[in-house]
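Have a look at the structure below before the remarks.
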Amino acid sequence: MQLKHDVRAVARHFEIVGDYLAAASYGSGHINDTYCVNFDQGGQSVRYIFQRINHNIFKTPVALMENVQRVTAHLAAKVADEPGASRRVLTLVSARDGRAWHVDAEGNHWRVYVFIEKARTFDAVESAGQAFQAARAFGQFQKWLADLPAPRLHDTIPDFHHTPKRFAALEKALAADVANRAKLARPEIEFALRHREICGVLLAAGLPERVTHNDTKFNNVMLDDATGQGICVIDLDTVMPGLALYDFGDMVRTTTSPAREDERDLSKVTMQFPMFEALARGYLSAAADCLTPAEKSFLPFSGMLITFEIGIRFLTDFLAGDVYFKIHREGHNLDRCRTQFKLVESIEQQEPEMNRLVAAI
Ligand code: ADP
Ligand code: GN1
Ligand code: MG
């Protein structure tokens, strides 16, 4: 199949031995372009992950790569003495000019990671054990990065989780209605407007800034094929200063419902309490001693808020004519928005019980 990019040409700029064999598009991310690339190294086929950073969204790719270099180096030092250390952290492959990235003739920034074998990601959660493992890995990730030396990391996307600003962007897109689609999303728009008051809650709570991942989707953690253990947190583009709750909230969003993010049958979308319990226990097993009592008390609410926030981002993009997230069918962003809002409702209904559980852990 014809690829969107000349990956073979890109490969020549990286310190990879052996012969280039083949490349294929990989993963289900909404932003970057990811390829799995095979090389023949002495008769063995060895895989690498190549990624083109979407510079329409990440406007400062060099600053982003500086963050990724600092974060991966810090994590590598933390896991150095653990068994299988090389599979516990992403490893960048250097470009031939010594930098960690290559800029092609079109101005695209590329990076290469060593492929983590015998582990995989899942787009939808299958068991409470997986939820526990994912949350523990993300909690451990936050804990390991708590002592990242200064300076402060770059903000790769400013105000990424500033929910009130996300809401303002929705209102702007609604007022402009450039694609004439507001009429197709009346119930969703009404839902968003009714929930406006939750947007500012975390920002008003005076919580501490930490180094956070900010995109803790379930498919951004690799689970070991043999043990099921959460071995490596990936997708580091949005690692930057943030609130711990942004990470826990996105875990609730992506790891408690059995349905995919774009499921059309909304009856399948529901916050499964045992998954939430596994997430809370997994996350706290690793990160509890880093958290303040206030942060802990907001864990259930953060799930509702971040699900709402991503929901309004999908709705905004639908209204704007699908300019941000990759889509694969008509109405894709509206479908995604609907699953998010259904999940918000499900969390709202169970919030008291979720709060009781967290207080008891
Ligand atoms: P996106 O930003 O597009 O989501 P990711 O960095 O999450 O990109 O990568 C997309 C997919 O590629 C992941 O879900 C994972 O399955 C796979 N992947 C990414 N990095 C690696 C790696 N180092 N080893 C093995 N698989 C990887
Ligand atoms: C995007 O790149 P990916 O697919 O992991 C988005 C996240 C959203 C997510 C929704 C930089 O993540 O913020 O939560 O889609 N990343 C960016 O699935 O906007
Ligand atoms: Mg990803």
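Chain identifiers are assigned as A, B, and so on, following the order in which chains appear in the structure tokens; residues are numbered from 1 within each chain, and ligands are numbered from 1 in order of appearance.
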
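Near A:Ala288, within 12 Å and counting only C-alpha atoms, sit Ala135, Arg136, Gly139, Gln140, Gln142, Lys143, Ala244, Ala280, Arg281, Gly282, Tyr283, Leu284, Ser285, Ala286, Cys290, Leu291, Thr292, Pro293, Ala294, Glu295, Lys296, Ser297, Leu299, Val358 and Ile361 of chain A; same-chain residues fewer than 2 positions away were not included.
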
Closest atom pairs, chain A residues within 6 Å of ligand 2, only C-alpha atoms and all ligand atoms, as a Markdown table:
```
| residue | atom | partner | partner_atom_place_in_ligand_line | distance |
| --- | --- | --- | --- | --- |
| A:Gly29 | CA | ligand 2 | 4 (O) | 3.5 |
| A:His30 | CA | ligand 2 | 4 (O) | 3.8 |
| A:Ile31 | CA | ligand 2 | 2 (O) | 4.6 |
| A:Asp215 | CA | ligand 2 | 7 (C) | 5.5 |
| A:Ile310 | CA | ligand 2 | 14 (O) | 5.8 |
```

With N, CA and C atoms retained, export the selected residues as an mmCIF file, in the first residue's frame.
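File produced: part.cif:
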```cif
data_model
loop_
_atom_site.group_PDB
_atom_site.id
_atom_site.type_symbol
_atom_site.label_atom_id
_atom_site.label_comp_id
_atom_site.auth_asym_id
_atom_site.auth_seq_id
_atom_site.Cartn_x
_atom_site.Cartn_y
_atom_site.Cartn_z
ATOM 1 N N GLY A 29 -3.875 6.441 16.709
ATOM 2 C CA GLY A 29 -3.829 7.801 17.250
ATOM 3 C C GLY A 29 -4.556 8.792 16.354
ATOM 4 N N HIS A 30 -4.969 9.913 16.952
ATOM 5 C CA HIS A 30 -5.743 10.912 16.212
ATOM 6 C C HIS A 30 -4.901 12.068 15.687
ATOM 7 N N ILE A 31 -3.599 12.106 16.014
ATOM 8 C CA ILE A 31 -2.840 13.331 15.754
ATOM 9 C C ILE A 31 -1.605 13.090 14.872
ATOM 10 N N ASP A 215 -2.242 12.702 28.504
ATOM 11 C CA ASP A 215 -2.951 11.957 27.456
ATOM 12 C C ASP A 215 -2.924 10.477 27.848
ATOM 13 N N ILE A 310 -13.024 16.375 26.832
ATOM 14 C CA ILE A 310 -12.714 15.779 25.523
ATOM 15 C C ILE A 310 -13.997 15.743 24.681
#
```

Please identify every residue of chain A that has at least one atom no farther than 7 Å from an atom of ligand 1, counting only C-alpha atoms and all ligand atoms, and for each give the shortest atom pair and the distance in Å to one decimal, arranged by chain then increasing number, as a Markdown table.
```
| residue | atom | partner | partner_atom_place_in_ligand_line | distance |
| --- | --- | --- | --- | --- |
| A:Tyr26 | CA | ligand 1 | 12 (O) | 5.7 |
| A:Gly27 | CA | ligand 1 | 11 (C) | 3.9 |
| A:Ser28 | CA | ligand 1 | 10 (C) | 6.1 |
| A:Gly29 | CA | ligand 1 | 3 (O) | 3.2 |
| A:His30 | CA | ligand 1 | 3 (O) | 5.6 |
| A:Ile31 | CA | ligand 1 | 3 (O) | 5.4 |
| A:Asn32 | CA | ligand 1 | 3 (O) | 4.5 |
| A:Asp33 | CA | ligand 1 | 3 (O) | 6.0 |
| A:Thr34 | CA | ligand 1 | 10 (C) | 5.9 |
| A:Ile49 | CA | ligand 1 | 21 (C) | 5.7 |
| A:Leu90 | CA | ligand 1 | 23 (N) | 5.6 |
| A:Tyr113 | CA | ligand 1 | 23 (N) | 5.1 |
| A:Val114 | CA | ligand 1 | 23 (N) | 5.3 |
| A:Phe115 | CA | ligand 1 | 24 (N) | 3.6 |
| A:Ile116 | CA | ligand 1 | 24 (N) | 3.8 |
| A:Glu117 | CA | ligand 1 | 25 (C) | 6.3 |
| A:Arg120 | CA | ligand 1 | 16 (O) | 5.9 |
| A:Thr121 | CA | ligand 1 | 16 (O) | 4.8 |
| A:Asn219 | CA | ligand 1 | 14 (O) | 5.0 |
| A:Asn220 | CA | ligand 1 | 7 (O) | 5.2 |
| A:Ile234 | CA | ligand 1 | 6 (O) | 5.7 |
| A:Asp235 | CA | ligand 1 | 6 (O) | 3.7 |
```

Surrounding residues of A:Thr163 excluding itself and chain neighbours under 2 positions, 12 Å, only C-alpha atoms, as a PyMOL selection string: chain A and resi 159-161+165-170+192+195-204+246+302+304-313

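Picture a line from atom CA of A:Thr72 to atom CA of A:Gln229; it runs 19.7 Å.
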
- request: Once DSSP has gone over the backbone, tell me which residues of stretch 2-150 of chain A are in strand (DSSP E or B), as number ranges by chain.
  value: A: 14, 19-25, 33-41, 44-53, 92-93, 95, 102-103, 109-114, 119-120

Limited to C-alpha atoms, could you put the picked residues into a file as a tab-separated table (two decimals), in the first residue's frame?
```tsv
chain	number	residue	atom	x	y	z
A	14	PHE	CA	18.71	7.70	11.60
A	19	ASP	CA	18.69	-3.01	5.44
A	20	TYR	CA	15.34	-1.27	5.27
A	21	LEU	CA	12.66	-3.87	4.56
A	22	ALA	CA	9.18	-2.34	4.84
A	23	ALA	CA	6.99	0.18	6.61
A	24	ALA	CA	3.30	0.15	7.52
A	25	SER	CA	0.97	2.64	9.19
A	33	ASP	CA	1.51	9.66	11.84
A	34	THR	CA	2.99	6.46	13.23
A	35	TYR	CA	4.76	3.75	11.20
A	36	CYS	CA	6.13	0.38	12.13
A	37	VAL	CA	9.35	-0.11	10.13
A	38	ASN	CA	11.23	-3.37	9.68
A	39	PHE	CA	14.96	-3.67	9.10
A	40	ASP	CA	17.01	-6.75	8.27
A	41	GLN	CA	19.78	-6.89	10.83
A	44	GLN	CA	16.83	-10.97	11.71
A	45	SER	CA	13.87	-8.69	11.17
A	46	VAL	CA	13.96	-5.89	13.74
A	47	ARG	CA	11.17	-3.33	14.20
A	48	TYR	CA	11.23	0.39	14.97
A	49	ILE	CA	8.50	2.99	15.50
A	50	PHE	CA	8.79	6.04	13.24
A	51	GLN	CA	6.62	9.08	13.99
A	52	ARG	CA	5.94	12.29	12.16
A	53	ILE	CA	5.02	14.97	14.67
A	92	LEU	CA	14.92	7.30	21.16
A	93	VAL	CA	17.17	6.38	18.24
A	95	ALA	CA	19.54	10.88	13.94
A	102	HIS	CA	15.20	14.66	11.72
A	103	VAL	CA	13.55	17.42	9.69
A	109	HIS	CA	9.89	16.54	12.24
A	110	TRP	CA	10.51	12.80	12.61
A	111	ARG	CA	11.61	10.68	15.55
A	112	VAL	CA	12.32	6.99	15.95
A	113	TYR	CA	11.82	4.72	18.96
A	114	VAL	CA	13.07	1.22	19.60
A	119	ALA	CA	3.74	-6.17	24.66
A	120	ARG	CA	0.75	-4.36	23.20
```

- prompt: Hey, which of A:Glu66, A:Ala320, A:Asp237, A:Leu145 ends up closest to A:Lys78? Count only C-alpha atoms.
  reply: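 Nearest candidate to A:Lys78 out of A:Glu66, A:Ala320, A:Asp237, A:Leu145: A:Leu145.
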
- request: Quote the spacing between atom CA of A:Val211 and atom CA of A:Ala85 in Å to one decimal place.
  value: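 According to the coordinates, atom CA of A:Val211 and atom CA of A:Ala85 are separated by 21.8 Å.
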
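Using only C-alpha atoms, the contacts of A:Gln272 at a cut-off of 9 Å, with sequence neighbours closer than 2 positions omitted, comprise A:Thr256, A:Ser257, A:Pro258, A:Thr270, A:Pro274, A:Met275, A:Phe276, A:Glu277, A:Ser346.
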
Residues of the last selection are to be written out with N, CA and C atoms, as a PDB file, in the first residue's frame.
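Now in part15.pdb:
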```pdb
ATOM      1  N   THR A 256     -12.863   2.866  31.760  1.00  0.00           N
ATOM      2  CA  THR A 256     -13.960   2.295  32.559  1.00  0.00           C
ATOM      3  C   THR A 256     -15.107   1.785  31.697  1.00  0.00           C
ATOM      4  N   SER A 257     -15.203   2.291  30.465  1.00  0.00           N
ATOM      5  CA  SER A 257     -16.296   1.845  29.600  1.00  0.00           C
ATOM      6  C   SER A 257     -15.791   0.727  28.690  1.00  0.00           C
ATOM      7  N   PRO A 258     -16.613  -0.297  28.448  1.00  0.00           N
ATOM      8  CA  PRO A 258     -16.155  -1.373  27.563  1.00  0.00           C
ATOM      9  C   PRO A 258     -16.173  -0.970  26.093  1.00  0.00           C
ATOM     10  N   THR A 270     -20.815   2.834  29.274  1.00  0.00           N
ATOM     11  CA  THR A 270     -21.184   2.954  30.681  1.00  0.00           C
ATOM     12  C   THR A 270     -19.933   2.912  31.555  1.00  0.00           C
ATOM     13  N   PRO A 274     -16.533  -1.687  38.751  1.00  0.00           N
ATOM     14  CA  PRO A 274     -15.330  -2.485  39.067  1.00  0.00           C
ATOM     15  C   PRO A 274     -14.075  -1.981  38.345  1.00  0.00           C
ATOM     16  N   MET A 275     -14.268  -1.402  37.147  1.00  0.00           N
ATOM     17  CA  MET A 275     -13.111  -0.842  36.432  1.00  0.00           C
ATOM     18  C   MET A 275     -12.617   0.404  37.160  1.00  0.00           C
ATOM     19  N   PHE A 276     -13.565   1.217  37.620  1.00  0.00           N
ATOM     20  CA  PHE A 276     -13.153   2.417  38.364  1.00  0.00           C
ATOM     21  C   PHE A 276     -12.403   2.016  39.631  1.00  0.00           C
ATOM     22  N   GLU A 277     -12.937   1.025  40.313  1.00  0.00           N
ATOM     23  CA  GLU A 277     -12.264   0.583  41.548  1.00  0.00           C
ATOM     24  C   GLU A 277     -10.837   0.109  41.239  1.00  0.00           C
ATOM     25  N   SER A 346     -23.149   8.770  32.983  1.00  0.00           N
ATOM     26  CA  SER A 346     -22.990   7.553  33.769  1.00  0.00           C
ATOM     27  C   SER A 346     -22.132   7.831  35.007  1.00  0.00           C
TER      28      SER A 346
END
```

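With only C-alpha atoms and all ligand atoms as the atoms that count, the residue of A:Glu188, A:Asp123, A:Asp6, A:Glu82 with the shortest distance to ligand 3 is A:Asp123.
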
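Distances to ligand 3 were evaluated for A:Lys217, A:His74, A:Thr91, A:His154 using only C-alpha atoms and all ligand atoms, and the minimum falls at A:Lys217.
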
- prompt: How would you write, as a PyMOL selection string, the set of residues in stretch 176-299 of chain A that DSSP gives as helix (DSSP H, G or I)?
  reply: chain A and resi 176+182-184+186-194+196-198+203-205+218-220+244-255+266-268+273-290+293-297+299

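When only C-alpha atoms are used to measure the gap to A:Leu319, the shortest distance among A:Glu106, A:Asp177, A:Asp147, A:Glu190 belongs to A:Asp177.
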